[in-house]
Amino acid sequence: MNEVAIDISGTVVTDPVLRQTKTGDAFLTFRMAVNERRWNAQENTWSDGASQFFSVTAFRTLAGNAYHSLAKGQHVMVSGRLRLSQYVAQDGSQRMSVQIDAHDIGASHKFGQTSFTKCSDPVIPSSDRLADDIVTEVTRTVENEQFGRSEPASDEEATEGGRALVDA
């Protein structure tokens with residue numbers, strides 16, 4: 001399988017949103033920022049560099065566990081598959097978004113402490129999660145909210161039959 005694997009460490013910048021696909025599989029979306037830090041030897045201080053933003057999507061068990069564990073402002077590590085999507089913005093310009101299909105999400109212990117609670121193993125269906133139109137639409141909606149490109153879909157529009165996952 002040809003895919004670009006990526007591991008990043010950064011800050012969750014949007015509240016994680018848990019929804020479900022047409023087939024009932026849970027998926028979670030959030031945005032995170034990776035901020036470059038550089039040492040300035042002349043001033044003997046650290047300084048902030050450019051920020052890079054990523055849309056993260058997690059599925060099934062990872063989605064549910066991450067939803068109950070993550071919050072805006074937390075420092076996390078994400079491991080997954082990198083995806084680049086091109087689109088035409090409302091002004092007609094070509095744009096690109098950077099997305100990560102997460103395989104694993106973990107708390108960073110660089111700035112704090114966590115505790116771990118093991119959950120029982122669920123049965124996971126084998127359907128192709130990336131082919132689901134709901135996932136594609138919600139991913140675009142999260143990016144639209146971040147960059148102010150258009151009105152986001154409501155929870156009812158983004159879930160089958162208006163079923164939004166609140167606690168999975």
# chains A, B, ... in the order shown; residues from 1 in each chain; ligands from 1
$ residues_around --residues "Ser85 of chain A" --least-positions-apart "4" --cutoff "7 Å" --atoms "only C-alpha atoms" --output "ChimeraX atom specification"
/A:96-98
$ write_last_selection --atoms "N, CA and C atoms" --output "CSV table (one decimal), in the first residue's frame"
chain,number,residue,atom,x,y,z
A,96,MET,N,-5.5,24.1,-1.3
A,96,MET,CA,-5.2,22.7,-0.8
A,96,MET,C,-5.4,22.6,0.7
A,97,SER,N,-5.9,21.6,1.1
A,97,SER,CA,-6.0,21.3,2.6
A,97,SER,C,-5.2,20.1,2.9
A,98,VAL,N,-4.7,20.1,4.1
A,98,VAL,CA,-3.9,19.0,4.6
A,98,VAL,C,-4.7,18.2,5.7
$ closest_residue --among "A:His103, A:Arg60, A:Arg95, A:Arg37" --to "Ser79 of chain A" --atoms "only C-alpha atoms"
A:His103
$ atom_distance --atom1 "atom CA of Ala107 of chain A" --atom2 "atom CA of Leu62 of chain A"
13.2 Å
$ atom_distance --atom1 "atom CA of Ala66 of chain A" --atom2 "atom CA of Arg31 of chain A"
13.2 Å
$ residues_around --residues "Ala5 of chain A" --least-positions-apart "3" --cutoff "12 Å" --atoms "only C-alpha atoms" --output "PyMOL selection string"
chain A and resi 1-2+8+78-83+99-104
$ closest_residue --among "A:Cys119, A:Ala71, A:Ile6, A:Ala41" --to "Phe54 of chain A" --atoms "only C-alpha atoms"
A:Ile6
$ atom_distance --atom1 "atom CA of Thr117 of chain A" --atom2 "atom CA of Asn65 of chain A"
9.7 Å
$ select_by_dssp --residues "segment 9-117 of chain A" --states "helix (DSSP H, G or I)" --output "VMD selection string"
chain A and resid 60 to 69
$ closest_residue --among "A:Ala63, A:Ala58, A:Gln20, A:Ser108" --to "Val76 of chain A" --atoms "only C-alpha atoms"
A:Ser108
$ decode --residues "segment 66-92 of chain A" --atoms "N, CA, C and O atoms" --output "PDB file, in the first residue's frame"
ATOM      1  N   ALA A  66     -11.044   9.042  21.753  1.00  0.00           N
ATOM      2  CA  ALA A  66     -10.454  10.377  21.632  1.00  0.00           C
ATOM      3  C   ALA A  66     -11.474  11.452  21.991  1.00  0.00           C
ATOM      4  O   ALA A  66     -11.134  12.447  22.635  1.00  0.00           O
ATOM      5  N   TYR A  67     -12.738  11.247  21.613  1.00  0.00           N
ATOM      6  CA  TYR A  67     -13.786  12.229  21.929  1.00  0.00           C
ATOM      7  C   TYR A  67     -13.908  12.435  23.441  1.00  0.00           C
ATOM      8  O   TYR A  67     -14.069  13.549  23.919  1.00  0.00           O
ATOM      9  N   HIS A  68     -13.811  11.354  24.185  1.00  0.00           N
ATOM     10  CA  HIS A  68     -13.942  11.436  25.645  1.00  0.00           C
ATOM     11  C   HIS A  68     -12.641  11.856  26.321  1.00  0.00           C
ATOM     12  O   HIS A  68     -12.614  12.073  27.530  1.00  0.00           O
ATOM     13  N   SER A  69     -11.563  11.975  25.562  1.00  0.00           N
ATOM     14  CA  SER A  69     -10.261  12.299  26.137  1.00  0.00           C
ATOM     15  C   SER A  69      -9.718  13.663  25.725  1.00  0.00           C
ATOM     16  O   SER A  69      -8.919  14.246  26.446  1.00  0.00           O
ATOM     17  N   LEU A  70     -10.095  14.149  24.543  1.00  0.00           N
ATOM     18  CA  LEU A  70      -9.501  15.367  24.004  1.00  0.00           C
ATOM     19  C   LEU A  70     -10.327  16.610  24.296  1.00  0.00           C
ATOM     20  O   LEU A  70     -11.536  16.540  24.415  1.00  0.00           O
ATOM     21  N   ALA A  71      -9.628  17.743  24.349  1.00  0.00           N
ATOM     22  CA  ALA A  71     -10.277  19.045  24.490  1.00  0.00           C
ATOM     23  C   ALA A  71      -9.412  20.090  23.795  1.00  0.00           C
ATOM     24  O   ALA A  71      -8.194  19.927  23.656  1.00  0.00           O
ATOM     25  N   LYS A  72     -10.052  21.132  23.353  1.00  0.00           N
ATOM     26  CA  LYS A  72      -9.355  22.252  22.734  1.00  0.00           C
ATOM     27  C   LYS A  72      -8.274  22.753  23.687  1.00  0.00           C
ATOM     28  O   LYS A  72      -8.503  22.894  24.883  1.00  0.00           O
ATOM     29  N   GLY A  73      -7.085  22.990  23.153  1.00  0.00           N
ATOM     30  CA  GLY A  73      -5.978  23.494  23.951  1.00  0.00           C
ATOM     31  C   GLY A  73      -5.008  22.425  24.424  1.00  0.00           C
ATOM     32  O   GLY A  73      -3.914  22.746  24.872  1.00  0.00           O
ATOM     33  N   GLN A  74      -5.381  21.150  24.329  1.00  0.00           N
ATOM     34  CA  GLN A  74      -4.486  20.079  24.766  1.00  0.00           C
ATOM     35  C   GLN A  74      -3.383  19.837  23.749  1.00  0.00           C
ATOM     36  O   GLN A  74      -3.572  20.008  22.541  1.00  0.00           O
ATOM     37  N   HIS A  75      -2.236  19.421  24.255  1.00  0.00           N
ATOM     38  CA  HIS A  75      -1.111  19.067  23.401  1.00  0.00           C
ATOM     39  C   HIS A  75      -1.178  17.560  23.161  1.00  0.00           C
ATOM     40  O   HIS A  75      -1.215  16.781  24.123  1.00  0.00           O
ATOM     41  N   VAL A  76      -1.254  17.163  21.877  1.00  0.00           N
ATOM     42  CA  VAL A  76      -1.403  15.747  21.527  1.00  0.00           C
ATOM     43  C   VAL A  76      -0.408  15.337  20.451  1.00  0.00           C
ATOM     44  O   VAL A  76       0.203  16.185  19.788  1.00  0.00           O
ATOM     45  N   MET A  77      -0.271  14.036  20.305  1.00  0.00           N
ATOM     46  CA  MET A  77       0.517  13.454  19.219  1.00  0.00           C
ATOM     47  C   MET A  77      -0.431  12.641  18.356  1.00  0.00           C
ATOM     48  O   MET A  77      -1.290  11.922  18.881  1.00  0.00           O
ATOM     49  N   VAL A  78      -0.307  12.781  17.043  1.00  0.00           N
ATOM     50  CA  VAL A  78      -1.158  12.057  16.106  1.00  0.00           C
ATOM     51  C   VAL A  78      -0.261  11.309  15.128  1.00  0.00           C
ATOM     52  O   VAL A  78       0.698  11.863  14.597  1.00  0.00           O
ATOM     53  N   SER A  79      -0.603  10.052  14.907  1.00  0.00           N
ATOM     54  CA  SER A  79       0.086   9.220  13.932  1.00  0.00           C
ATOM     55  C   SER A  79      -0.968   8.753  12.939  1.00  0.00           C
ATOM     56  O   SER A  79      -2.057   8.338  13.333  1.00  0.00           O
ATOM     57  N   GLY A  80      -0.660   8.861  11.651  1.00  0.00           N
ATOM     58  CA  GLY A  80      -1.649   8.442  10.678  1.00  0.00           C
ATOM     59  C   GLY A  80      -1.184   8.569   9.251  1.00  0.00           C
ATOM     60  O   GLY A  80       0.010   8.600   8.964  1.00  0.00           O
ATOM     61  N   ARG A  81      -2.157   8.684   8.353  1.00  0.00           N
ATOM     62  CA  ARG A  81      -1.915   8.780   6.921  1.00  0.00           C
ATOM     63  C   ARG A  81      -2.200  10.202   6.471  1.00  0.00           C
ATOM     64  O   ARG A  81      -3.258  10.759   6.757  1.00  0.00           O
ATOM     65  N   LEU A  82      -1.262  10.788   5.749  1.00  0.00           N
ATOM     66  CA  LEU A  82      -1.404  12.143   5.238  1.00  0.00           C
ATOM     67  C   LEU A  82      -2.206  12.130   3.947  1.00  0.00           C
ATOM     68  O   LEU A  82      -1.979  11.283   3.077  1.00  0.00           O
ATOM     69  N   ARG A  83      -3.142  13.055   3.852  1.00  0.00           N
ATOM     70  CA  ARG A  83      -3.932  13.216   2.631  1.00  0.00           C
ATOM     71  C   ARG A  83      -3.962  14.694   2.267  1.00  0.00           C
ATOM     72  O   ARG A  83      -4.166  15.539   3.128  1.00  0.00           O
ATOM     73  N   LEU A  84      -3.752  15.007   1.006  1.00  0.00           N
ATOM     74  CA  LEU A  84      -3.848  16.370   0.514  1.00  0.00           C
ATOM     75  C   LEU A  84      -5.064  16.446  -0.390  1.00  0.00           C
ATOM     76  O   LEU A  84      -5.249  15.601  -1.260  1.00  0.00           O
ATOM     77  N   SER A  85      -5.905  17.455  -0.189  1.00  0.00           N
ATOM     78  CA  SER A  85      -7.105  17.630  -0.999  1.00  0.00           C
ATOM     79  C   SER A  85      -7.079  18.998  -1.660  1.00  0.00           C
ATOM     80  O   SER A  85      -6.852  20.001  -0.992  1.00  0.00           O
ATOM     81  N   GLN A  86      -7.304  19.022  -2.964  1.00  0.00           N
ATOM     82  CA  GLN A  86      -7.391  20.288  -3.668  1.00  0.00           C
ATOM     83  C   GLN A  86      -8.851  20.645  -3.853  1.00  0.00           C
ATOM     84  O   GLN A  86      -9.698  19.774  -4.028  1.00  0.00           O
ATOM     85  N   TYR A  87      -9.140  21.936  -3.813  1.00  0.00           N
ATOM     86  CA  TYR A  87     -10.505  22.399  -4.010  1.00  0.00           C
ATOM     87  C   TYR A  87     -10.466  23.808  -4.578  1.00  0.00           C
ATOM     88  O   TYR A  87      -9.434  24.483  -4.561  1.00  0.00           O
ATOM     89  N   VAL A  88     -11.609  24.247  -5.083  1.00  0.00           N
ATOM     90  CA  VAL A  88     -11.745  25.607  -5.590  1.00  0.00           C
ATOM     91  C   VAL A  88     -12.507  26.410  -4.545  1.00  0.00           C
ATOM     92  O   VAL A  88     -13.621  26.053  -4.160  1.00  0.00           O
ATOM     93  N   ALA A  89     -11.899  27.479  -4.054  1.00  0.00           N
ATOM     94  CA  ALA A  89     -12.515  28.335  -3.039  1.00  0.00           C
ATOM     95  C   ALA A  89     -13.632  29.167  -3.666  1.00  0.00           C
ATOM     96  O   ALA A  89     -13.770  29.233  -4.892  1.00  0.00           O
ATOM     97  N   GLN A  90     -14.423  29.809  -2.830  1.00  0.00           N
ATOM     98  CA  GLN A  90     -15.543  30.614  -3.319  1.00  0.00           C
ATOM     99  C   GLN A  90     -15.087  31.749  -4.224  1.00  0.00           C
ATOM    100  O   GLN A  90     -15.817  32.168  -5.104  1.00  0.00           O
ATOM    101  N   ASP A  91     -13.857  32.229  -4.020  1.00  0.00           N
ATOM    102  CA  ASP A  91     -13.343  33.305  -4.868  1.00  0.00           C
ATOM    103  C   ASP A  91     -12.756  32.778  -6.179  1.00  0.00           C
ATOM    104  O   ASP A  91     -12.221  33.543  -6.978  1.00  0.00           O
ATOM    105  N   GLY A  92     -12.836  31.461  -6.411  1.00  0.00           N
ATOM    106  CA  GLY A  92     -12.362  30.853  -7.641  1.00  0.00           C
ATOM    107  C   GLY A  92     -10.914  30.408  -7.621  1.00  0.00           C
ATOM    108  O   GLY A  92     -10.441  29.797  -8.573  1.00  0.00           O
TER     109      GLY A  92
END
